[in-house]
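Undergrad: Sending over a structure as structure tokens; questions will come in a sec.
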Amino acid sequence: MPNPQLHTLTNGLDVLVQEDHNHPLASVQVWVRAGSIHEEDWSGGGMAHLCEHMLFKGTASRSAQQISLEIQSLGGYVNAYTSFNRTVYYIEGLSENVPGYLSILADMVQHSKLDPEELAREKDVIRREMAMDHDDAGSLAQHLLQATAFKVHPLRHPIIGHRSVFDQISHADLVRFVKRHYSPNRCFVVVTGAVEADKVFALAEEQFGAWERQPGDPVHLPSEPAQLSPRNARQTFPTDITRVMLGWPIPGDTAPDRPALEVLAFLLSSGRSSRLYRELRVRQSVAHSVWAGAWSCAECGLFSAEAECDPADAERAEKGLKEVIATMVAKGPTKAELAKAVRATIAGQYRQLATTRGQASMLGQGWLVAHSLSYRQDYLAAIESLTPAAIQETAARYLRPEAMSTVVVEPQQSAVAKATSAIVPLKKPAVTRTELPNGLVVIVGANARLPLVSVRSSFLAGVLAESEDNAGITQVTAQTLLRGAKTRTADALAAALEDRGGSLGALGDAHRFIFSAEVVRGDESLALDLIHDLASAPVLAPAAVESVKKRQLANIREEQEDPLTVALRKTRRQIFSGTPFARTALGHEASVSSLSPIDCRNHLKTHVVGQNGVISVFGDVDPQKVLKGIKSTLGKLPKGARRVDTSVLLPHKGKAGSWKVRMEKEQAVLVIGFRTAALTSDETYPLSLIDEACSDMGSRLFNRIREELGLAYYVGTQHFMAIGGGAFYFYVGTDPAKLDLAKAEMLKQIGDLAKNGLHKDELDRARTTWRSQWLRAQQGNGPMAEARAWDELTGQGFQHFDRLPDIIANISPAQVKAAARKYFDPKAAFITEVLPK
């Protein structure tokens, strides 16, 4: 991969290009050096985030709808995000269309209309987004920690802003903010992918050359006074889960200690061999999840550690967090721990390089933080030079008791009472299929672009292999496998790959057991050995099963806190009434509570057998060596029998109707669902194109319901494809006062789809966007290993992925119309409304 190149226009705009010709894809990004901390007089108002929204509302030459439709027609995916110190607009898609992507983004940042009427509508949309934010306990905890740790610096405010300040922002205020910050001397452009740098620089001159430089100094930000004593804050929330967060002030992005702080966070919480995971999740079993991280802007930042737990375990979880950190402060990491962290960081960098968007993000971050094209290499060199003593000294310097802020978000009383190698050009992987004597199918794809290997081994199980009495057993069993095998303890399993920069996973979903490994080249044999241990020699100790059950029960309760999830789950239960897919892979509280280690062992033994599985290996491998390694490991599994009939068609027992659910939330949600075709049916292809056409910012639903009528914050569709049956959901999140109007309009749009199908331009855009997504899926070994294994497991064949472009290209408007007419009959609708109590 060539070194990145820089060209600066005469107006001060920097253009950064990284060529990568391995895929016909590109990422085009415009970075604005303005985030929530740069709002000055409007600090805490969410001005930067509001501006991000408004730039999609049309320019002097393009309407909002034209922007969305043009991007979709060019096979692009567009989005943007606002952080504390930046706003980034990006389009990723086909490299042949980079001129069009640059033209659109240049138009947006230079010529946005900032229409006053659009501003009023968009402010109402963001108020709905604020309501969603207020309905999320995790967001509440994060905002509370920021407000507790920072008292002067703008980092104390949420990026989205405070409603009372946001409501006061006028059109004139927004125009002044854009003029102040959206200028070539305060922005830069990043382009990565199959492009030629000289041509990109010429395009940038053409699209951005007339952009006028603006006067004025950068925003001056106040210094945060030193924290001299501990701070504490608590808040209640309608939830069944308690969240405990600890935070300490740290220096800014370019501080010499920044690499050590990142590695310190990794040592504490990254992977199952990390300190917090082993102590709080495994040994004490008091936390459902743990996390630590270091984030900052140029001046200052925050190091935080957190745990989610049951309310009864909150005190022990908080104490455990503090004890683990105190031990790290006192003794630092071992040499082996640090070596693991360094290897994992390097491997993580390689994985990010696999996609054009990842490359652009890394390049942009380096330029934003340090004006450096070699920031990634320099940062990695700093990480490689760290010593255990340096980590310990850094921990002691910043994670001091007197500088600690502790915040707790807990249930209300009523809720508590309830309970470094060269990169070589890519050659398209030659994919092979082999069936072993025990019936296990082996798929191997050699791809030497990066020194990485992905392994996916799948066995049919999940919802169709479960009953009402043991629902959720596939997930519980899979999660317990990582707690130890007969030949390796839980710590040994966790460390085996994490110490070498890799990862090992086991999970269960609606259809299968999945064993996974991500490794650096040369470690694939170890990965296969570990997966074989998980599959054939698990301990499944009673304490481990109980710990996993406890966490899964917490996940079930947590799902009941999100209005959209509640609406989708209710609709699904009605659509699939009387069939297995009325349940989800999580199961329900009664079934999960009743599971025993013997149940889990029998379920695993029955389903993880040769005839019932597929293993797929993609990456920098020798196919013959991999095949030999599989034969000596998973090839020894018992042959067994096929446990799930992938050709089964589930009966239609659900009866259409309407249901209402009340929740203690500010927002309302509507879901309209329909029973549709099974996973392997040819009718899934036109339905997928309808989903594609109705799911982005260029869709008829978005433009009519959200943009024209202002009835929703979010609106879209979801196509659920399962063995034996499927469902299609239309959904909208809205103000409760607007729910009836949103419902009427959504039914009108569904009726039009059923009668007329997609318009030709909609279908063409959907095909182009689908193709772009299909290409993006090939950028990493993991997605390719996953896709091939899944297609083979479901009986479609491992080459199905390669056939998809021709299938999609040949779907006719008549086929789309026929599928819509067949399935979107208003009389067959299952409608769920979630409303505030």
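Residues are named by chain letter and number: chains run A, B, ... in the order of the structure tokens, numbers start at 1 in each chain, and ligands are numbered from 1 in the order shown.
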Report as an mmCIF file with C-alpha atoms, in the first residue's frame: the residues of stretch 554-639 of chain A with a DSSP assignment of alpha helix (DSSP H), based on the backbone of this structure.
TA:
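Listing of part.cif after writing:
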```
data_model
loop_
_atom_site.group_PDB
_atom_site.id
_atom_site.type_symbol
_atom_site.label_atom_id
_atom_site.label_comp_id
_atom_site.auth_asym_id
_atom_site.auth_seq_id
_atom_site.Cartn_x
_atom_site.Cartn_y
_atom_site.Cartn_z
ATOM 1 C CA ALA A 554 -30.391 -9.250 32.470
ATOM 2 C CA ASN A 555 -30.255 -8.994 28.654
ATOM 3 C CA ILE A 556 -33.889 -10.100 28.433
ATOM 4 C CA ARG A 557 -34.896 -7.420 30.932
ATOM 5 C CA GLU A 558 -32.757 -4.800 29.211
ATOM 6 C CA GLU A 559 -34.494 -5.457 25.882
ATOM 7 C CA PRO A 563 -39.391 1.052 22.809
ATOM 8 C CA LEU A 564 -38.483 0.008 19.262
ATOM 9 C CA THR A 565 -37.243 -3.398 20.425
ATOM 10 C CA VAL A 566 -40.383 -3.886 22.494
ATOM 11 C CA ALA A 567 -42.565 -3.055 19.482
ATOM 12 C CA LEU A 568 -40.614 -5.329 17.135
ATOM 13 C CA ARG A 569 -40.654 -8.221 19.604
ATOM 14 C CA LYS A 570 -44.397 -7.876 20.232
ATOM 15 C CA THR A 571 -45.105 -7.819 16.494
ATOM 16 C CA ARG A 572 -42.878 -10.835 15.934
ATOM 17 C CA ARG A 573 -44.654 -12.847 18.625
ATOM 18 C CA GLN A 574 -47.955 -12.214 16.918
ATOM 19 C CA ILE A 575 -46.708 -12.887 13.378
ATOM 20 C CA GLU A 589 -37.105 -15.656 31.789
ATOM 21 C CA ALA A 590 -38.831 -18.893 32.821
ATOM 22 C CA SER A 591 -37.017 -21.096 30.301
ATOM 23 C CA VAL A 592 -33.578 -19.593 30.927
ATOM 24 C CA SER A 593 -34.011 -19.804 34.701
ATOM 25 C CA SER A 594 -34.730 -23.546 34.485
ATOM 26 C CA PRO A 597 -25.520 -27.822 33.100
ATOM 27 C CA ILE A 598 -26.793 -31.235 32.003
ATOM 28 C CA ASP A 599 -29.325 -29.562 29.683
ATOM 29 C CA CYS A 600 -26.542 -27.477 28.150
ATOM 30 C CA ARG A 601 -24.186 -30.441 27.759
ATOM 31 C CA ASN A 602 -26.833 -32.553 26.022
ATOM 32 C CA HIS A 603 -27.796 -29.692 23.720
ATOM 33 C CA LEU A 604 -24.172 -29.168 22.706
ATOM 34 C CA LYS A 605 -23.493 -32.869 22.254
ATOM 35 C CA THR A 606 -26.554 -33.293 20.052
ATOM 36 C CA HIS A 607 -25.939 -30.318 17.770
ATOM 37 C CA PRO A 623 -5.324 -24.233 2.175
ATOM 38 C CA GLN A 624 -3.734 -27.675 2.435
ATOM 39 C CA LYS A 625 -2.231 -26.971 5.843
ATOM 40 C CA VAL A 626 -5.551 -25.595 7.074
ATOM 41 C CA LEU A 627 -7.422 -28.645 5.823
ATOM 42 C CA LYS A 628 -4.915 -30.898 7.571
ATOM 43 C CA GLY A 629 -5.365 -28.934 10.794
ATOM 44 C CA ILE A 630 -9.155 -29.209 10.605
ATOM 45 C CA LYS A 631 -9.012 -32.955 9.986
#
```
Undergrad: Under the rule of at most 10 Å, produce a per-residue listing of stretch 96-121 of chain A near stretch 176-194 of chain A: chain, number, name, the closest pair of atoms, and the distance in Å, as CSV, using only C-alpha atoms.
TA:
```
residue,atom,partner,partner_atom,distance
A:Glu96,CA,A:Ala194,CA,8.4
A:Val98,CA,A:Val191,CA,8.7
A:Leu102,CA,A:Val191,CA,9.2
A:Leu105,CA,A:Val189,CA,9.8
A:Ala106,CA,A:Val189,CA,9.6
A:Val109,CA,A:Tyr182,CA,6.7
A:Gln110,CA,A:Tyr182,CA,7.4
A:Ser112,CA,A:Val178,CA,9.4
A:Leu114,CA,A:Val178,CA,9.4
```
Undergrad: Only C-alpha atoms, please: the residues just picked out, written as a PDB file, in the first residue's frame.
TA:
```
ATOM      1  CA  GLU A  96     -15.604   4.934 -10.161  1.00  0.00           C
ATOM      2  CA  VAL A  98     -15.600   9.386  -6.470  1.00  0.00           C
ATOM      3  CA  LEU A 102     -16.788  14.772  -3.954  1.00  0.00           C
ATOM      4  CA  LEU A 105     -20.002  16.708  -0.240  1.00  0.00           C
ATOM      5  CA  ALA A 106     -18.416  19.891  -1.598  1.00  0.00           C
ATOM      6  CA  VAL A 109     -20.337  22.050   3.065  1.00  0.00           C
ATOM      7  CA  GLN A 110     -20.097  25.135   0.844  1.00  0.00           C
ATOM      8  CA  SER A 112     -26.057  24.521   2.206  1.00  0.00           C
ATOM      9  CA  LEU A 114     -29.904  26.413   5.875  1.00  0.00           C
TER      10      LEU A 114
END
```
Undergrad: Quote the spacing between atom CA of A:Ser695 and atom CA of A:Asp107 in Å to one decimal place.
TA: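 Taking atom CA of A:Ser695 as the start and atom CA of A:Asp107 as the end point, the length is 23.9 Å.
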Undergrad: List the spatial neighbours of A:Arg400 as an MDAnalysis selection string - criterion: any atom at most 10 Å away, only C-alpha atoms, same-chain residues fewer than 6 positions off excluded.
TA: chainID A and resid 228:230 248:249 325:326 329
Undergrad: Using DSSP on the backbone coordinates, identify the residues of stretch 53-161 of chain A assigned to strand (DSSP E or B); present them as a list in words.
TA: Gly58, Thr59, Ser63, Tyr77, Val78, Asn79, Ala80, Tyr81, Thr82, Thr87, Val88, Tyr89, Tyr90, Ile91, Glu92, Gly93, Leu94 and Ser112 of chain A
Undergrad: With only C-alpha atoms as the counted atoms, please give the residues lying no more than 7 Å from stretch 653-667 of chain A, apart from itself and same-chain residues fewer than 4 positions off, as a PyMOL selection string.
TA: chain A and resi 131-132+135+574-578+734-736+828-837
Undergrad: I'd like the contact shell of stretch 442-452 of chain A - 9 Å cut-off, only C-alpha atoms, skipping same-chain residues fewer than 2 positions apart - returned as a VMD selection string.
TA: chain A and resid 22 347 350 to 351 353 to 354 420 to 436 440 454 518 to 522 614 to 623 626 to 627 630 781 784 to 785 788 to 789 792 798
Undergrad: If you count only C-alpha atoms, which residues fall within 8 Å of A:Gly501, apart from same-chain ones fewer than 2 positions away, as a list in words?
TA: Lys340, Ala341, Val342, Arg343, Ala344, Thr345, Ile346, Ala347, Gly348, Leu497, Glu498, Asp499, Ser503, Val519 and Val520 of chain A
Undergrad: Record the distance separating atom CA of A:Phe674 and atom CA of A:Ala727, expressed in Å with one decimal.
TA: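 Straight-line distance from atom CA of A:Phe674 to atom CA of A:Ala727 works out to 5.5 Å.
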Undergrad: Looking at only C-alpha atoms, which of A:Glu410, A:Asp14, A:Asp802, A:Asp491 is the one that sits closest to A:Ala204?
TA: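 Of the candidates, the smallest distance to A:Ala204 is held by A:Asp14.
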Undergrad: Env of stretch 696-702 of chain A: 8 Å cut, atoms = only C-alpha atoms, seq-sep filter 6 positions within chain, self excluded. Answer as an mmCIF file with N, CA and C atoms, in the first residue's frame.
TA:
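Written output follows (out_10.cif):
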```cif
data_model
loop_
_atom_site.group_PDB
_atom_site.id
_atom_site.type_symbol
_atom_site.label_atom_id
_atom_site.label_comp_id
_atom_site.auth_asym_id
_atom_site.auth_seq_id
_atom_site.Cartn_x
_atom_site.Cartn_y
_atom_site.Cartn_z
ATOM 1 N N GLN A 65 -33.882 15.758 -1.065
ATOM 2 C CA GLN A 65 -34.197 14.493 -1.712
ATOM 3 C C GLN A 65 -33.232 14.196 -2.845
ATOM 4 N N GLN A 66 -32.836 15.236 -3.592
ATOM 5 C CA GLN A 66 -31.899 15.026 -4.691
ATOM 6 C C GLN A 66 -30.540 14.559 -4.180
ATOM 7 N N ILE A 67 -30.113 15.083 -3.029
ATOM 8 C CA ILE A 67 -28.852 14.630 -2.436
ATOM 9 C C ILE A 67 -28.921 13.147 -2.149
ATOM 10 N N SER A 68 -29.989 12.721 -1.483
ATOM 11 C CA SER A 68 -30.131 11.307 -1.120
ATOM 12 C C SER A 68 -30.229 10.421 -2.347
ATOM 13 N N LEU A 69 -31.050 10.835 -3.316
ATOM 14 C CA LEU A 69 -31.250 10.004 -4.499
ATOM 15 C C LEU A 69 -29.993 9.924 -5.354
ATOM 16 N N GLN A 72 -27.550 7.550 -3.710
ATOM 17 C CA GLN A 72 -28.017 6.170 -3.871
ATOM 18 C C GLN A 72 -27.801 5.692 -5.300
ATOM 19 N N TYR A 714 -37.046 8.853 13.276
ATOM 20 C CA TYR A 714 -36.502 7.792 12.438
ATOM 21 C C TYR A 714 -37.648 7.018 11.814
ATOM 22 N N VAL A 715 -37.387 6.493 10.637
ATOM 23 C CA VAL A 715 -38.388 5.720 9.917
ATOM 24 C C VAL A 715 -37.650 4.775 8.991
ATOM 25 N N GLY A 716 -38.150 3.556 8.851
ATOM 26 C CA GLY A 716 -37.472 2.615 7.977
ATOM 27 C C GLY A 716 -38.154 1.274 7.937
ATOM 28 N N MET A 746 -48.028 5.962 7.036
ATOM 29 C CA MET A 746 -47.287 4.733 6.798
ATOM 30 C C MET A 746 -48.172 3.703 6.097
ATOM 31 N N GLN A 749 -48.430 4.599 2.479
ATOM 32 C CA GLN A 749 -47.227 4.256 1.722
ATOM 33 C C GLN A 749 -47.139 2.748 1.483
ATOM 34 N N GLU A 762 -36.363 3.969 -8.110
ATOM 35 C CA GLU A 762 -36.145 3.369 -6.796
ATOM 36 C C GLU A 762 -35.463 2.017 -6.918
#
```
Undergrad: Which residue is closest to A:Thr8? Choose from A:Lys113, A:Glu205, A:His171, A:Gln796 and count only C-alpha atoms.
TA: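 Using only C-alpha atoms, A:Thr8 sits closest to A:Glu205.
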